[in-house]
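S.K.: My file is target.txt. It has compact mmCIF, C-alpha atoms:
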# COMPACT_ATOMS: atom_id res chain seq x y z
CA MET A 1268 32.96 4.81 31.77
CA TYR A 1269 29.34 4.10 32.77
CA SER A 1270 27.95 4.14 36.29
CA LYS A 1271 27.16 0.82 37.97
CA LYS A 1272 23.46 1.74 37.90
CA THR A 1273 23.59 2.37 34.15
CA GLU A 1274 25.47 -0.88 33.58
CA LEU A 1275 22.79 -2.80 35.48
CA ILE A 1276 19.91 -1.07 33.71
CA LEU A 1277 21.36 -1.73 30.27
CA GLY A 1278 22.65 -5.21 31.00
CA PHE A 1279 26.01 -3.61 30.16
CA HIS A 1280 27.96 -6.75 29.40
CA GLY A 1281 25.38 -8.25 27.04
CA CYS A 1282 24.16 -4.98 25.56
CA ASP A 1283 25.18 -4.07 22.03
CA LYS A 1284 27.47 -1.02 21.89
CA LYS A 1285 25.13 0.72 19.43
CA VAL A 1286 22.23 0.33 21.86
CA ARG A 1287 24.34 1.65 24.75
CA ASP A 1288 25.45 4.62 22.67
CA TYR A 1289 21.89 5.33 21.56
CA VAL A 1290 20.57 5.27 25.11
CA LEU A 1291 23.43 7.08 26.80
CA ASN A 1292 24.72 9.65 24.35
CA SER A 1293 22.91 12.86 23.59
CA PHE A 1294 22.84 14.07 20.02
CA TYR A 1295 22.76 17.61 18.75
CA ASP A 1296 24.19 18.96 15.55
CA ALA A 1297 23.45 22.57 14.57
CA ASP A 1298 23.88 21.61 10.91
CA TYR A 1299 21.05 19.08 11.22
CA PRO A 1300 18.41 20.58 13.52
CA ALA A 1301 15.59 18.33 12.22
CA LEU A 1302 17.65 15.20 12.83
CA SER A 1303 18.65 16.50 16.25
CA GLU A 1304 14.99 17.08 17.13
CA ALA A 1305 14.02 13.60 15.90
CA MET A 1306 16.76 12.01 18.01
CA ARG A 1307 15.62 14.04 21.03
CA HIS A 1308 12.03 12.86 20.42
CA PHE A 1309 12.98 9.19 20.28
CA LYS A 1310 15.30 9.41 23.29
CA GLU A 1311 13.52 11.82 25.63
CA ASP A 1312 9.84 12.08 24.72
CA GLU A 1313 7.66 9.36 26.29
CA GLU A 1314 5.88 8.65 23.00
CA GLY A 1315 9.20 8.43 21.14
CA VAL A 1316 10.72 6.12 23.72
CA MET A 1317 7.64 3.86 23.56
CA THR A 1318 7.94 3.78 19.75
CA VAL A 1319 11.57 2.67 19.96
CA CYS A 1320 10.72 0.07 22.61
CA LYS A 1321 7.96 -1.34 20.42
CA ILE A 1322 10.29 -1.57 17.41
CA ILE A 1323 12.96 -3.34 19.47
CA GLU A 1324 10.39 -5.74 20.94
CA GLU A 1325 9.00 -6.58 17.48
CA TYR A 1326 12.52 -7.16 16.19
CA GLY A 1327 13.32 -9.46 19.10
CA THR A 1328 10.10 -11.41 18.62
CA SER A 1329 10.87 -11.80 14.93
CA GLU A 1330 14.39 -13.05 15.61
CA VAL A 1331 13.16 -15.55 18.21
CA ARG A 1332 10.59 -16.83 15.71
CA LYS A 1333 13.28 -17.24 13.03
CA ALA A 1334 15.49 -19.17 15.44
CA MET A 1335 12.60 -21.43 16.47
CA GLU A 1336 11.77 -22.11 12.82
CA GLN A 1337 15.38 -23.05 12.12
CA VAL A 1338 15.35 -25.49 15.04
CA VAL A 1339 12.13 -27.03 13.72
CA VAL A 1340 13.69 -27.50 10.27
CA ASN A 1341 16.84 -28.99 11.80
CA LEU A 1342 14.80 -31.45 13.85
CA PHE A 1343 12.95 -32.56 10.71
CA HIS A 1344 16.32 -33.13 9.02
CA GLU A 1345 17.33 -35.30 11.99
CA GLY A 1346 14.21 -37.44 11.53
CA VAL A 1347 12.45 -36.36 14.72
CA PRO A 1348 8.69 -37.10 14.58
CA VAL A 1349 6.43 -34.12 13.87
CA SER A 1350 4.53 -34.64 17.14
CA THR A 1351 7.77 -34.36 19.15
CA ILE A 1352 8.91 -31.30 17.19
CA ALA A 1353 5.59 -29.53 17.68
CA LYS A 1354 5.49 -30.29 21.39
CA SER A 1355 9.10 -29.19 21.88
CA ALA A 1356 8.59 -25.92 19.97
CA GLY A 1357 5.23 -25.14 21.59
CA ILE A 1358 3.41 -25.10 18.25
CA THR A 1359 0.82 -27.26 16.56
CA GLU A 1360 1.78 -30.13 14.28
CA GLU A 1361 0.22 -28.18 11.41
CA GLU A 1362 2.47 -25.19 12.14
CA ALA A 1363 5.53 -27.44 12.27
CA LEU A 1364 4.63 -28.92 8.89
CA GLU A 1365 4.07 -25.45 7.42
CA ILE A 1366 7.51 -24.36 8.64
CA ARG A 1367 9.08 -27.48 7.12
CA ASP A 1368 7.27 -26.98 3.81
CA LYS A 1369 8.23 -23.30 3.69
CA ALA A 1370 11.89 -24.23 4.25
CA LEU A 1371 11.76 -26.78 1.43
CA GLN A 1372 10.42 -24.28 -1.12
CA PRO A 1373 12.98 -23.03 -3.64
CA VAL A 1374 14.06 -19.45 -3.10
What does this structure look like when you write it as structure tokens?
M.R.:
Amino acid sequence: MYSKKTELILGFHGCDKKVRDYVLNSFYDADYPALSEAMRHFKEDEEGVMTVCKIIEEYGTSEVRKAMEQVVVNLFHEGVPVSTIAKSAGITEEEALEIRDKALQPV
């Protein structure tokens, strides 16, 4: 369905279908010209593309941070010393303790 070049650019096999569809499919609906123009802006205009890239990058950074924080909490539950946790996570001992304390707070 997609060219080999497109598959390589998008990391086809690991790329979410919604992302592939967003990148590859054009959108125009005469009933929704404003929406069509917004989609064109975010897919074709350099400023729009950069905006989408920034949003995706921020989302990815946030998800990586959440995963790291969960690992830190799990290591505390396993009784790993704070110095080892901090070194392994690439954070300070104070940051590791803050993550632990945040996780222990009632929701």
S.K.: Quick one: pull the distance between CA of Arg1307 in chain A and CA of Gly1327 in chain A, Å, one decimal.
M.R.: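 These atoms are spaced 23.7 Å apart.
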S.K.: Separation of CA of His1344 in chain A and CA of Thr1359 in chain A, in Å?
M.R.: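 Distance reported for this atom pair: 18.2 Å.
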S.K.: Select, from A:Pro1373, A:Ala1353, A:Phe1343, A:Phe1309, the residue with the minimum atom-to-atom distance to Lys1321 in chain A, counting all atoms listed in the file.
M.R.: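 Nearest candidate to Lys1321 in chain A out of A:Pro1373, A:Ala1353, A:Phe1343, A:Phe1309: A:Phe1309.
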S.K.: Could you check the closest approach to Asn1341 in chain A for each of A:Ala1363, A:Met1317, A:Ile1323, A:Ala1301 and tell me which residue wins, using all atoms listed in the file?
M.R.: A:Ala1363
S.K.: Report, in Å with one decimal, the straight-line distance from CA of Tyr1326 in chain A to CA of Glu1365 in chain A.
M.R.: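 That distance, rounded to one decimal, is 22.0 Å.
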S.K.: Could you check the closest approach to Ser1355 in chain A for each of A:Leu1302, A:Ala1297, A:Leu1371, A:Val1338 and tell me which residue wins, using only C-alpha atoms?
M.R.: A:Val1338
S.K.: A:Gly1346, A:Leu1364, A:Tyr1295, A:Thr1351: which is nearest Lys1310 in chain A, counting all atoms listed in the file?
M.R.: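 That would be A:Tyr1295, the residue with the smallest distance to Lys1310 in chain A.
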S.K.: Check the smallest atom-to-atom distance from each of A:Asp1368, A:Glu1313, A:Asp1298, A:Glu1336 to Ala1356 in chain A using all atoms listed in the file, then report the winner.
M.R.: A:Glu1336
